[in-house]
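With compact mmCIF, C-alpha atoms inside, this is protein.txt:
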# COMPACT_ATOMS: atom_id res chain seq x y z
CA MET M 1 -28.24 28.12 21.93
CA PRO M 2 -26.00 25.15 22.76
CA ILE M 3 -23.61 24.06 20.04
CA ASN M 4 -24.32 20.61 18.65
CA PRO M 5 -21.16 18.53 19.31
CA ARG M 6 -19.76 16.64 16.36
CA LYS M 7 -19.93 12.88 16.47
CA LEU M 8 -16.76 10.79 16.76
CA VAL M 9 -15.61 8.06 14.37
CA TYR M 10 -12.90 5.47 14.95
CA ILE M 11 -11.45 3.79 11.84
CA GLU M 12 -9.20 0.72 12.03
CA THR M 13 -7.50 -0.32 8.81
CA PHE M 14 -6.05 -3.69 7.85
CA GLY M 15 -4.06 -4.53 4.73
CA CYS M 16 -2.49 -2.62 1.89
CA ARG M 17 -1.91 1.00 0.88
CA MET M 18 -5.10 0.90 -1.16
CA ASN M 19 -7.01 0.17 2.05
CA ASP M 20 -5.21 3.07 3.75
CA HIS M 21 -6.33 5.27 0.88
CA ASP M 22 -9.91 3.98 1.11
CA SER M 23 -9.97 4.76 4.84
CA ALA M 24 -8.83 8.30 4.10
CA ARG M 25 -11.67 8.63 1.58
CA MET M 26 -14.16 7.43 4.18
CA LEU M 27 -12.82 9.87 6.76
CA ALA M 28 -13.19 12.76 4.32
CA MET M 29 -16.82 11.78 3.68
CA LEU M 30 -17.56 11.35 7.37
CA GLU M 31 -16.05 14.73 8.21
CA GLY M 32 -18.56 16.22 5.80
CA MET M 33 -21.31 14.37 7.68
CA GLY M 34 -20.40 15.92 11.04
CA TYR M 35 -17.87 13.40 12.38
CA ASN M 36 -14.47 14.01 13.90
CA LYS M 37 -11.80 11.30 13.97
CA THR M 38 -10.88 9.78 17.32
CA ASP M 39 -8.21 7.28 18.35
CA ALA M 40 -10.39 6.07 21.24
CA PRO M 41 -12.98 3.52 20.09
CA GLU M 42 -14.66 3.58 23.51
CA ARG M 43 -15.59 7.25 22.92
CA SER M 44 -16.79 6.84 19.33
CA ASP M 45 -20.30 7.00 17.91
CA LEU M 46 -19.22 5.05 14.81
CA ILE M 47 -16.57 2.37 14.38
CA VAL M 48 -15.46 1.41 10.86
CA ILE M 49 -13.24 -1.63 10.35
CA ASN M 50 -11.69 -1.55 6.88
CA THR M 51 -10.73 -5.14 6.20
CA CYS M 52 -8.27 -7.21 4.19
CA SER M 53 -8.77 -10.77 2.98
CA ILE M 54 -5.47 -11.38 1.19
CA ARG M 55 -4.40 -13.85 3.92
CA ASP M 56 -6.22 -15.98 6.44
CA LYS M 57 -4.37 -14.29 9.31
CA ALA M 58 -5.86 -10.92 8.33
CA GLU M 59 -9.40 -12.30 8.61
CA HIS M 60 -8.68 -13.77 12.05
CA LYS M 61 -7.41 -10.36 13.19
CA VAL M 62 -10.60 -8.70 11.97
CA TYR M 63 -12.83 -11.10 13.91
CA SER M 64 -10.63 -10.71 16.99
CA THR M 65 -10.99 -6.93 16.70
CA LEU M 66 -14.75 -7.25 16.26
CA GLY M 67 -14.85 -9.31 19.44
CA ARG M 68 -13.35 -6.40 21.38
CA PHE M 69 -15.85 -3.96 19.91
CA ARG M 70 -18.79 -6.26 20.70
CA ILE M 71 -18.24 -5.41 24.37
CA LEU M 72 -18.53 -1.69 23.56
CA LYS M 73 -21.74 -2.37 21.64
CA GLU M 74 -23.21 -4.21 24.61
CA GLN M 75 -22.38 -1.26 26.85
CA ARG M 76 -23.77 1.34 24.46
CA ARG M 77 -26.47 0.24 22.01
CA SER M 78 -26.33 3.53 20.09
CA LEU M 79 -22.82 2.71 18.84
CA VAL M 80 -22.81 1.86 15.12
CA ILE M 81 -20.28 -0.72 13.90
CA ALA M 82 -19.49 -0.97 10.18
CA VAL M 83 -17.29 -3.43 8.29
CA SER M 84 -15.87 -2.41 4.92
CA GLY M 85 -13.16 -3.47 2.49
CA CYS M 86 -12.15 -6.70 0.79
CA MET M 87 -13.40 -9.07 3.47
CA ALA M 88 -16.76 -7.30 3.44
CA GLN M 89 -16.88 -7.54 -0.36
CA GLN M 90 -16.08 -11.25 -0.26
CA LEU M 91 -18.26 -12.39 2.65
CA GLY M 92 -21.14 -9.90 2.49
CA ALA M 93 -24.07 -10.86 4.72
CA LEU M 94 -22.10 -13.77 6.22
CA ILE M 95 -20.41 -11.18 8.43
CA PHE M 96 -23.78 -10.52 10.10
CA LYS M 97 -24.05 -14.23 10.93
CA ARG M 98 -20.56 -14.42 12.41
CA ALA M 99 -20.86 -11.03 14.16
CA PRO M 100 -24.59 -10.23 14.61
CA PHE M 101 -23.81 -6.98 16.44
CA VAL M 102 -22.41 -5.43 13.21
CA ASP M 103 -24.79 -2.83 11.76
CA VAL M 104 -23.40 -1.99 8.31
CA VAL M 105 -21.42 -3.98 5.72
CA PHE M 106 -20.14 -2.40 2.51
CA GLY M 107 -17.59 -3.51 -0.07
CA THR M 108 -14.74 -1.95 -1.99
CA HIS M 109 -17.00 -0.54 -4.73
CA ASN M 110 -19.46 1.07 -2.34
CA ILE M 111 -17.56 3.63 -0.32
CA HIS M 112 -19.53 6.35 -2.12
CA LYS M 113 -22.70 4.86 -0.55
CA LEU M 114 -21.48 5.27 3.01
CA LYS M 115 -23.71 8.25 3.83
CA ALA M 116 -26.81 6.56 2.40
CA LEU M 117 -26.08 3.37 4.34
CA LEU M 118 -25.64 5.22 7.62
CA ASP M 119 -28.73 7.34 6.99
CA GLU M 120 -30.80 4.22 6.30
CA ARG M 121 -29.42 2.56 9.44
CA ALA M 122 -30.37 5.65 11.50
CA ARG M 123 -33.83 5.88 9.92
CA SER M 124 -34.92 2.25 10.11
CA GLY M 125 -32.65 0.75 12.74
CA ALA M 126 -32.13 -2.20 10.39
CA LYS M 127 -28.83 -3.67 9.24
CA THR M 128 -27.68 -2.27 5.88
CA ILE M 129 -25.42 -3.81 3.25
CA ALA M 130 -23.93 -2.88 -0.14
CA VAL M 131 -21.54 -5.29 -1.83
CA ASP M 132 -22.43 -4.91 -5.51
CA PHE M 133 -19.82 -3.99 -8.12
CA ASN M 134 -19.96 -0.87 -10.27
CA ASP M 135 -17.94 -0.31 -13.42
CA GLU M 136 -16.69 3.25 -13.02
CA ALA M 137 -13.84 4.65 -10.95
CA GLY M 138 -15.31 8.13 -10.59
CA GLY M 139 -13.22 11.13 -9.65
CA ASN M 140 -15.51 12.42 -6.90
CA GLU M 141 -15.54 9.01 -5.26
CA LEU M 142 -11.75 8.79 -5.07
CA VAL M 143 -10.62 12.32 -4.22
CA ARG M 144 -9.08 12.78 -0.79
CA LEU M 145 -7.40 16.03 0.26
CA PRO M 146 -5.22 15.83 3.37
CA ASP M 147 -6.03 17.89 6.45
CA GLY M 148 -3.65 19.94 8.57
CA PRO M 149 -0.45 21.86 7.89
CA ASP M 150 2.01 18.95 7.83
CA ASN M 151 0.52 16.79 5.11
CA HIS M 152 3.18 17.00 2.43
CA LYS M 153 2.59 13.52 1.02
CA ALA M 154 -0.54 12.04 -0.49
CA SER M 155 -1.66 8.83 -2.16
CA VAL M 156 -3.82 8.95 -5.28
CA ALA M 157 -5.65 5.88 -6.58
CA ILE M 158 -5.47 5.90 -10.37
CA MET M 159 -7.25 2.60 -10.98
CA ARG M 160 -8.82 -0.28 -9.15
CA GLY M 161 -9.23 -3.99 -9.67
CA CYS M 162 -7.03 -6.49 -11.46
CA ASP M 163 -7.34 -8.65 -14.59
CA ASN M 164 -4.36 -10.94 -13.96
CA LEU M 165 -6.17 -13.71 -12.05
CA CYS M 166 -3.10 -15.06 -10.27
CA SER M 167 -4.10 -18.40 -8.82
CA TYR M 168 -3.54 -17.41 -5.16
CA CYS M 169 -5.07 -13.93 -5.20
CA VAL M 170 -8.53 -12.75 -4.14
CA VAL M 171 -8.15 -9.19 -5.48
CA PRO M 172 -10.08 -9.78 -8.75
CA TYR M 173 -12.97 -11.10 -6.65
CA THR M 174 -12.90 -8.35 -4.02
CA ARG M 175 -12.00 -5.32 -6.15
CA GLY M 176 -13.27 -6.44 -9.54
CA ALA M 177 -11.86 -5.95 -13.03
CA GLU M 178 -9.35 -3.25 -13.88
CA THR M 179 -10.86 0.20 -14.27
CA SER M 180 -8.72 3.30 -14.84
CA ARG M 181 -9.68 6.80 -13.81
CA PRO M 182 -9.81 9.46 -16.54
CA ILE M 183 -6.42 11.14 -16.73
CA ASP M 184 -7.93 14.62 -16.35
CA ASP M 185 -9.57 13.58 -13.07
CA VAL M 186 -6.26 12.27 -11.74
CA LEU M 187 -4.33 15.39 -12.74
CA ARG M 188 -6.98 17.69 -11.26
CA GLU M 189 -6.71 15.82 -7.98
CA VAL M 190 -2.91 16.14 -7.96
CA GLN M 191 -3.14 19.85 -8.81
CA ALA M 192 -5.55 20.32 -5.90
CA LEU M 193 -3.18 18.42 -3.60
CA ALA M 194 -0.25 20.57 -4.73
CA GLY M 195 -2.34 23.63 -3.94
CA ARG M 196 -2.73 22.32 -0.38
CA GLY M 197 1.04 21.97 0.02
CA VAL M 198 1.52 18.33 -1.04
CA LYS M 199 5.03 17.84 -2.45
CA GLU M 200 5.11 14.07 -2.96
CA VAL M 201 2.42 11.98 -4.61
CA MET M 202 2.16 8.19 -4.63
CA TYR M 203 0.07 6.62 -7.41
CA LEU M 204 -1.74 3.46 -6.33
CA GLY M 205 -3.18 0.55 -8.26
CA GLN M 206 -3.13 -3.23 -8.14
CA ASN M 207 -1.14 -3.01 -11.39
CA VAL M 208 -0.30 0.59 -12.26
CA ASN M 209 1.42 -0.51 -15.48
CA SER M 210 -2.01 -1.40 -16.85
CA TYR M 211 -3.32 2.14 -16.39
CA LEU M 212 -4.94 3.23 -19.65
CA THR M 213 -7.42 5.96 -20.39
CA GLY M 214 -8.18 6.62 -24.02
CA ALA M 215 -4.86 6.44 -25.83
CA LEU M 216 -2.88 7.57 -22.79
CA GLY M 217 -1.08 5.10 -20.57
CA PHE M 218 0.89 5.14 -17.35
CA VAL M 219 4.07 6.71 -18.74
CA GLU M 220 2.07 9.63 -20.15
CA LEU M 221 0.38 10.11 -16.78
CA LEU M 222 3.77 10.25 -15.03
CA ARG M 223 5.12 12.76 -17.55
CA LYS M 224 2.12 15.06 -17.09
CA THR M 225 2.28 14.74 -13.31
CA ALA M 226 5.90 15.86 -13.30
CA THR M 227 4.88 19.18 -14.90
CA ILE M 228 2.56 20.14 -12.02
CA ALA M 229 3.99 23.04 -10.03
CA GLY M 230 4.71 22.20 -6.40
CA ILE M 231 5.08 18.43 -6.91
CA GLU M 232 8.68 17.50 -6.17
CA ARG M 233 8.53 13.70 -6.00
CA VAL M 234 6.43 11.08 -7.77
CA ARG M 235 6.18 7.43 -6.66
CA PHE M 236 3.98 4.51 -7.62
CA MET M 237 3.07 0.95 -6.71
CA THR M 238 2.47 -1.81 -7.54
CA SER M 239 4.00 -2.93 -10.86
CA HIS M 240 3.55 -6.31 -12.50
CA PRO M 241 6.81 -7.72 -13.93
CA LYS M 242 5.18 -8.82 -17.17
CA ASP M 243 4.03 -5.25 -17.90
CA ILE M 244 7.14 -3.19 -17.10
CA SER M 245 7.80 -1.37 -20.37
CA PRO M 246 11.06 0.00 -21.85
CA ALA M 247 9.38 3.42 -21.86
CA LEU M 248 8.78 3.28 -18.11
CA ILE M 249 12.31 2.05 -17.46
CA GLY M 250 13.68 4.88 -19.59
CA LEU M 251 11.58 7.48 -17.78
CA PHE M 252 13.57 6.93 -14.58
CA GLY M 253 16.56 8.39 -16.41
CA GLU M 254 14.64 11.22 -18.05
CA GLU M 255 12.45 12.58 -15.26
CA PRO M 256 14.20 13.74 -12.07
CA LYS M 257 10.93 13.94 -10.10
CA LEU M 258 10.37 10.19 -10.56
CA CYS M 259 11.82 8.57 -7.44
CA ARG M 260 14.20 5.70 -8.01
CA HIS M 261 12.34 3.03 -6.13
CA LEU M 262 10.59 0.18 -7.92
CA HIS M 263 8.39 -2.34 -6.15
CA LEU M 264 8.31 -5.35 -8.46
CA PRO M 265 6.74 -8.48 -6.91
CA VAL M 266 8.41 -11.69 -8.07
CA GLN M 267 6.52 -14.09 -5.71
CA SER M 268 8.84 -17.05 -6.47
CA GLY M 269 12.17 -17.82 -8.09
CA SER M 270 10.96 -21.13 -9.53
CA ASN M 271 9.51 -21.37 -13.04
CA GLU M 272 7.35 -24.30 -12.00
CA VAL M 273 5.85 -22.35 -9.11
CA LEU M 274 5.44 -19.19 -11.22
CA SER M 275 3.49 -21.25 -13.73
CA ARG M 276 1.17 -22.63 -11.05
CA MET M 277 0.77 -19.09 -9.74
CA ARG M 278 -0.24 -17.92 -13.26
CA ARG M 279 2.26 -15.08 -13.11
CA ALA M 280 2.77 -14.98 -16.92
CA TYR M 281 6.57 -14.53 -16.77
CA THR M 282 9.55 -16.74 -16.08
CA ARG M 283 12.43 -16.44 -13.68
CA GLU M 284 14.62 -15.53 -16.66
CA ASP M 285 12.19 -12.79 -17.78
CA TYR M 286 12.22 -11.26 -14.33
CA LEU M 287 15.98 -11.38 -13.89
CA SER M 288 16.55 -9.91 -17.35
CA LYS M 289 14.42 -6.85 -16.55
CA VAL M 290 15.70 -6.34 -13.03
CA MET M 291 19.37 -6.67 -13.90
CA ALA M 292 18.93 -4.29 -16.87
CA ILE M 293 17.38 -1.73 -14.51
CA LYS M 294 20.24 -2.17 -12.04
CA ARG M 295 22.81 -1.63 -14.81
CA LEU M 296 21.07 1.55 -15.95
CA TYR M 297 20.47 2.89 -12.45
CA PRO M 298 22.89 1.52 -9.83
CA ASP M 299 21.16 3.67 -7.21
CA MET M 300 17.70 2.21 -7.89
CA ALA M 301 16.11 0.58 -4.83
CA ILE M 302 14.19 -2.55 -5.81
CA THR M 303 11.75 -4.23 -3.43
CA THR M 304 9.56 -7.26 -3.98
CA ASP M 305 6.93 -9.65 -2.63
CA ILE M 306 7.63 -13.36 -2.11
CA ILE M 307 5.29 -16.17 -1.10
CA ALA M 308 6.91 -19.07 0.76
CA GLY M 309 5.45 -22.57 0.64
CA PHE M 310 3.11 -22.31 -2.34
CA PRO M 311 1.32 -25.59 -3.13
CA GLY M 312 3.71 -28.04 -4.75
CA GLU M 313 6.82 -26.02 -3.89
CA THR M 314 9.69 -28.50 -3.62
CA ASP M 315 13.01 -28.09 -1.87
CA ALA M 316 14.52 -27.35 -5.29
CA ASP M 317 11.86 -24.70 -5.99
CA PHE M 318 12.62 -23.02 -2.70
CA ARG M 319 16.35 -23.10 -3.41
CA ASP M 320 15.60 -21.31 -6.71
CA THR M 321 13.85 -18.56 -4.77
CA MET M 322 16.74 -18.22 -2.33
CA GLU M 323 19.19 -18.09 -5.22
CA LEU M 324 17.16 -15.35 -6.92
CA LEU M 325 17.14 -13.41 -3.65
CA ARG M 326 20.96 -13.55 -3.51
CA THR M 327 21.31 -12.70 -7.20
CA VAL M 328 19.07 -9.63 -7.22
CA ARG M 329 19.95 -8.46 -3.69
CA PHE M 330 16.68 -6.66 -3.09
CA ASP M 331 16.72 -3.64 -0.82
CA ASN M 332 13.78 -5.14 1.04
CA ILE M 333 11.14 -7.83 0.62
CA TYR M 334 7.58 -8.30 1.81
CA SER M 335 7.37 -12.01 2.41
CA PHE M 336 4.51 -14.21 3.50
CA ALA M 337 3.77 -17.88 4.06
CA TYR M 338 1.20 -19.10 1.54
CA SER M 339 -2.32 -18.70 2.88
CA PRO M 340 -5.16 -20.63 1.17
CA ARG M 341 -7.93 -18.23 0.17
CA PRO M 342 -11.49 -19.38 -0.60
CA GLY M 343 -12.50 -18.87 -4.21
CA THR M 344 -8.98 -18.96 -5.64
CA SER M 345 -7.86 -21.71 -7.99
CA ALA M 346 -4.77 -22.40 -5.86
CA MET M 347 -7.11 -23.94 -3.28
CA SER M 348 -7.63 -26.92 -5.60
CA LEU M 349 -3.95 -27.47 -6.43
CA ASP M 350 -2.21 -30.62 -5.24
CA GLY M 351 0.70 -30.51 -2.84
CA HIS M 352 -0.42 -28.12 -0.10
CA LEU M 353 2.49 -27.95 2.35
CA PRO M 354 2.26 -28.30 6.14
CA GLU M 355 1.99 -24.97 7.93
CA ASP M 356 5.21 -25.50 9.87
CA LEU M 357 7.19 -26.08 6.65
CA ARG M 358 5.70 -22.94 5.06
CA HIS M 359 6.73 -20.88 8.07
CA THR M 360 10.19 -22.45 8.25
CA ARG M 361 10.82 -21.42 4.65
CA LEU M 362 9.46 -17.95 5.38
CA ARG M 363 11.87 -17.57 8.29
CA LEU M 364 14.83 -18.62 6.13
CA LEU M 365 13.84 -16.07 3.47
CA GLN M 366 13.55 -13.30 6.01
CA GLU M 367 16.87 -14.12 7.68
CA GLU M 368 18.64 -14.10 4.31
CA GLN M 369 17.03 -10.81 3.31
CA LYS M 370 17.86 -9.18 6.65
CA ALA M 371 21.56 -9.90 6.08
CA ILE M 372 21.34 -8.47 2.55
CA SER M 373 19.50 -5.34 3.71
CA ILE M 374 22.05 -4.65 6.46
CA GLU M 375 24.91 -5.06 3.98
CA LEU M 376 23.33 -2.74 1.42
CA ASN M 377 22.51 -0.13 4.05
CA ARG M 378 26.02 -0.23 5.51
CA ALA M 379 27.34 0.54 2.05
CA MET M 380 25.49 3.88 2.33
CA THR M 381 27.62 4.98 5.29
CA GLY M 382 29.36 8.23 4.39
CA ALA M 383 26.94 8.99 1.55
CA VAL M 384 24.85 12.16 1.51
CA LEU M 385 21.15 11.55 0.83
CA GLU M 386 18.43 14.04 -0.01
CA VAL M 387 15.74 13.37 2.60
CA MET M 388 12.20 14.75 2.70
CA VAL M 389 11.29 15.39 6.34
CA ASP M 390 8.27 13.48 7.68
CA GLY M 391 8.40 14.65 11.29
CA ILE M 392 9.41 13.24 14.68
CA GLY M 393 9.88 9.49 15.01
CA ARG M 394 9.33 7.26 18.01
CA ASP M 395 12.91 7.83 19.18
CA LYS M 396 12.28 11.61 19.35
CA ASP M 397 14.66 12.19 16.45
CA MET M 398 13.42 13.46 13.12
CA GLN M 399 12.83 11.07 10.26
CA GLY M 400 12.21 11.16 6.55
CA ARG M 401 12.60 9.25 3.30
CA SER M 402 15.28 9.42 0.67
CA ARG M 403 14.30 9.38 -2.99
CA CYS M 404 14.87 5.63 -3.09
CA ASN M 405 12.53 5.27 -0.11
CA ARG M 406 15.12 4.59 2.59
CA LEU M 407 13.97 5.59 6.07
CA VAL M 408 16.50 7.99 7.59
CA HIS M 409 16.65 9.23 11.22
CA PHE M 410 18.57 12.36 12.23
CA PRO M 411 18.75 14.78 15.19
CA ALA M 412 15.77 17.09 15.59
CA SER M 413 16.09 20.56 14.17
CA ASN M 414 13.77 23.58 14.07
CA ASP M 415 15.16 24.35 10.63
CA ALA M 416 13.69 21.18 9.10
CA PRO M 417 9.89 21.40 8.96
CA CYS M 418 7.77 18.60 7.50
CA GLY M 419 8.04 18.60 3.73
CA ALA M 420 11.45 20.25 3.65
CA THR M 421 14.30 18.44 1.93
CA VAL M 422 17.60 18.25 3.77
CA ASP M 423 20.95 16.68 2.96
CA ILE M 424 21.83 13.97 5.48
CA MET M 425 25.24 12.35 5.74
CA ILE M 426 24.75 8.72 6.77
CA THR M 427 26.66 7.67 9.88
CA ASP M 428 24.97 4.41 10.91
CA ALA M 429 23.02 1.65 9.17
CA TYR M 430 20.52 -0.97 10.30
CA ALA M 431 18.36 -3.57 8.57
CA ASN M 432 15.37 -1.26 8.04
CA SER M 433 16.72 2.26 8.45
CA LEU M 434 19.66 4.62 8.34
CA ARG M 435 20.87 7.30 10.73
CA GLY M 436 22.77 10.44 9.94
CA VAL M 437 23.40 14.12 10.54
CA VAL M 438 22.33 17.22 8.67
CA CYS M 439 25.14 18.59 6.55
CA ASP M 440 25.49 21.75 4.51
CA GLY M 441 26.67 19.79 1.51
CA ALA M 442 29.89 21.77 1.15
CA GLY M 443 32.02 19.88 -1.31
CA MET M 444 29.57 16.97 -1.30
CA ALA M 445 26.81 16.12 -3.77
CA ALA M 446 23.64 14.54 -2.47
CA CYS M 447 22.85 11.16 -3.96
CA VAL M 448 19.62 10.94 -5.95
CA CYS M 449 18.73 7.90 -3.84
Mind turning this structure into structure tokens?
Amino acid sequence: MPINPRKLVYIETFGCRMNDHDSARMLAMLEGMGYNKTDAPERSDLIVINTCSIRDKAEHKVYSTLGRFRILKEQRRSLVIAVSGCMAQQLGALIFKRAPFVDVVFGTHNIHKLKALLDERARSGAKTIAVDFNDEAGGNELVRLPDGPDNHKASVAIMRGCDNLCSYCVVPYTRGAETSRPIDDVLREVQALAGRGVKEVMYLGQNVNSYLTGALGFVELLRKTATIAGIERVRFMTSHPKDISPALIGLFGEEPKLCRHLHLPVQSGSNEVLSRMRRAYTREDYLSKVMAIKRLYPDMAITTDIIAGFPGETDADFRDTMELLRTVRFDNIYSFAYSPRPGTSAMSLDGHLPEDLRHTRLRLLQEEQKAISIELNRAMTGAVLEVMVDGIGRDKDMQGRSRCNRLVHFPASNDAPCGATVDIMITDAYANSLRGVVCDGAGMAACVC
């Protein structure tokens, strides 16, 4: 009898690490439904676009991508096109009006319904949609085990949603209120990952500091994770500055598996702007915590998010942000020009700035940070870093990450398989990466960063 060929699915992901994680969950479900992943949308039986709505530019990219796939749909009517993620959650059936060739729309709380939605689409031929919220972050819904021999890193979502209601942010409206997974579910998932060879785990949440299940919070979860055999490194993101606790700060000094990299979004260096953003901390609060962390751990890499050109931002406000950038000297920043988002309270604020001014300020921020990053990276020249190998990079050299999340390139070696840790002496530095050579460490101690 002829063997039934498996169907092909193409998934394109926009946005944050949480969306990357959601796409991995979808792929795991689809593999169980008889699909294989393909990187060629023209060959696929199913296309899933996992969307982001955090900025207007992201939505434009999604519709541009849909426009390309419309041509494929016209050529092959059996092709199923699905839109998921935050944009799907926010717009719902409006996506069908803008892109009538889309077959399935489902939101951030409905990934577990993917099979039912596709089955209904196949049975009836009608468009299907699921954008309702549910209140539980169930373990079975969130588990994703990596496939293949080289998957030594994995992301684990420990919570979803956000209760902070920052004035510019759509996350509370697209991912709902904060819901934490039961700690036993999380630990079972990490144990299963370790059994598959995962050595580094990244905990994900819109605000991981708010993780709470029963009487156990985020610090307790990190402590328990560090006891799991096979796990060598533990990372997390994202943290909210108002919720960083002394216990979490202290844990960086107590637990060697906890990587010394902290992503702590500041968004602005101006108290007036922070107030309009509803960030619930001041510039002084932020600097006090960050500088205390730097004093305790000089090797700690600190990264941040900054929004340029928020409504009402004056020249003086922007100077405050630039001054904070120079004071903290972040290892890297993720910076964006303010993008008005429907449904957020920032839309109704006075003082929306012209687009060209927002982008001018963004460019100045990025130029300043690039100079800082190059200077900090050059200071690493001659240091020996412990690097976990990720594989071959685009330049045909090997690459990996240090404990403080620096990207390091080094000559290829058969003795350095993915997941191995090697000591690399840094020889060259750039704005976004380092380069070095493998060393035996004789007479040299590898930095924890």
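Coordinates place atom CA of M:Val438 at a distance of 10.1 Å from atom CA of M:His409.
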Query raised in the report: Counting only C-alpha atoms, which of M:Leu114, M:Leu264, M:Leu251, M:Leu216 gets nearest to M:Gly32?
Result: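 Using only C-alpha atoms, the shortest distance to M:Gly32 belongs to M:Leu114.
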Query raised in the report: Within 6 Å of M:Ser335, counting only C-alpha atoms, which residues qualify if same-chain residues fewer than 2 places away don't, as a ChimeraX atom specification?
Result: /M:305-307,333
Requested in this report: Return the single residue from M:Arg55, M:Arg260, M:Arg406, M:Arg283 that is closest to M:Tyr297, with distances computed using all atoms listed in the file.
Outcome: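 Using all atoms listed in the file, M:Tyr297 sits closest to M:Arg260.
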Report task. Go through M:Gly107, M:Gly436, M:Gly176, M:Met87 one by one, measure the shortest atom-to-atom distance of each to M:His60 using all atoms listed in the file, and give the residue with the smallest value. Result ->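 Between M:Gly107, M:Gly436, M:Gly176, M:Met87, the residue approaching M:His60 most closely is M:Met87.
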Query - Interatomic distance (Å, one decimal) between atom CA of M:Pro354 and atom CA of M:Ala316 - result: 16.8 Å
Requested in this report: Could you jot down the atom CA of M:Arg358 to atom CA of M:Ala337 separation for me, Å, one decimal place?
Outcome: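 Between these atoms lies a distance of 5.5 Å.
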Report summary line: With distances taken over all atoms listed in the file, the candidate from M:Lys224, M:Lys73, M:Arg188, M:His21 nearest M:Val156 is M:His21
Report summary line: Counting only C-alpha atoms, closest pick from M:Lys113, M:Arg76, M:Lys37, M:Arg276 relative to M:Phe133 is M:Lys113
Query - Minimum-distance residue to M:Val80, chosen among M:Ile47, M:Ala177, M:Ala215, M:Ala28 (using all atoms listed in the file) - result: M:Ile47
Query raised in the report: Excluding same-chain residues fewer than 5 positions from M:Pro172, what lies within 9 Å of it counting all atoms listed in the file, as an MDAnalysis selection string?
Result: chainID M and resid 161:166 177:178
May I have the residues within 8 Å of M:Pro241 as a CSV table (one decimal) with C-alpha atoms, in the frame of the given file, using all atoms listed in the file and disregarding those fewer than 2 positions away in the same chain?
chain,number,residue,atom,x,y,z
M,239,SER,CA,4.0,-2.9,-10.9
M,243,ASP,CA,4.0,-5.2,-17.9
M,244,ILE,CA,7.1,-3.2,-17.1
M,264,LEU,CA,8.3,-5.4,-8.5
M,265,PRO,CA,6.7,-8.5,-6.9
M,266,VAL,CA,8.4,-11.7,-8.1
M,281,TYR,CA,6.6,-14.5,-16.8
M,286,TYR,CA,12.2,-11.3,-14.3
Taking N, CA and C atoms as the atom set, what does stretch 55-66 of chain M look like once completed, written as a JSON list (two decimals), in the frame of the given file?
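result-v7.json was written with the following content:
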[["chain", "number", "residue", "atom", "x", "y", "z"],
["M", 55, "ARG", "N", -4.92, -12.68, 3.20],
["M", 55, "ARG", "CA", -4.40, -13.85, 3.92],
["M", 55, "ARG", "C", -5.36, -14.21, 5.04],
["M", 56, "ASP", "N", -5.34, -15.47, 5.40],
["M", 56, "ASP", "CA", -6.22, -15.98, 6.44],
["M", 56, "ASP", "C", -5.98, -15.27, 7.76],
["M", 57, "LYS", "N", -4.72, -14.95, 8.05],
["M", 57, "LYS", "CA", -4.37, -14.29, 9.31],
["M", 57, "LYS", "C", -5.07, -12.94, 9.43],
["M", 58, "ALA", "N", -5.20, -12.23, 8.31],
["M", 58, "ALA", "CA", -5.86, -10.92, 8.33],
["M", 58, "ALA", "C", -7.32, -11.06, 8.74],
["M", 59, "GLU", "N", -8.00, -12.10, 8.24],
["M", 59, "GLU", "CA", -9.40, -12.30, 8.61],
["M", 59, "GLU", "C", -9.53, -12.62, 10.10],
["M", 60, "HIS", "N", -8.63, -13.45, 10.62],
["M", 60, "HIS", "CA", -8.68, -13.77, 12.05],
["M", 60, "HIS", "C", -8.51, -12.51, 12.89],
["M", 61, "LYS", "N", -7.62, -11.60, 12.45],
["M", 61, "LYS", "CA", -7.41, -10.36, 13.19],
["M", 61, "LYS", "C", -8.67, -9.51, 13.20],
["M", 62, "VAL", "N", -9.37, -9.49, 12.05],
["M", 62, "VAL", "CA", -10.60, -8.70, 11.97],
["M", 62, "VAL", "C", -11.63, -9.23, 12.97],
["M", 63, "TYR", "N", -11.84, -10.54, 12.99],
["M", 63, "TYR", "CA", -12.83, -11.10, 13.91],
["M", 63, "TYR", "C", -12.41, -10.92, 15.37],
["M", 64, "SER", "N", -11.12, -10.97, 15.64],
["M", 64, "SER", "CA", -10.63, -10.71, 16.99],
["M", 64, "SER", "C", -10.93, -9.26, 17.38],
["M", 65, "THR", "N", -10.71, -8.35, 16.45],
["M", 65, "THR", "CA", -10.99, -6.93, 16.70],
["M", 65, "THR", "C", -12.49, -6.72, 16.92],
["M", 66, "LEU", "N", -13.30, -7.35, 16.09],
["M", 66, "LEU", "CA", -14.75, -7.25, 16.26],
["M", 66, "LEU", "C", -15.18, -7.76, 17.64]]
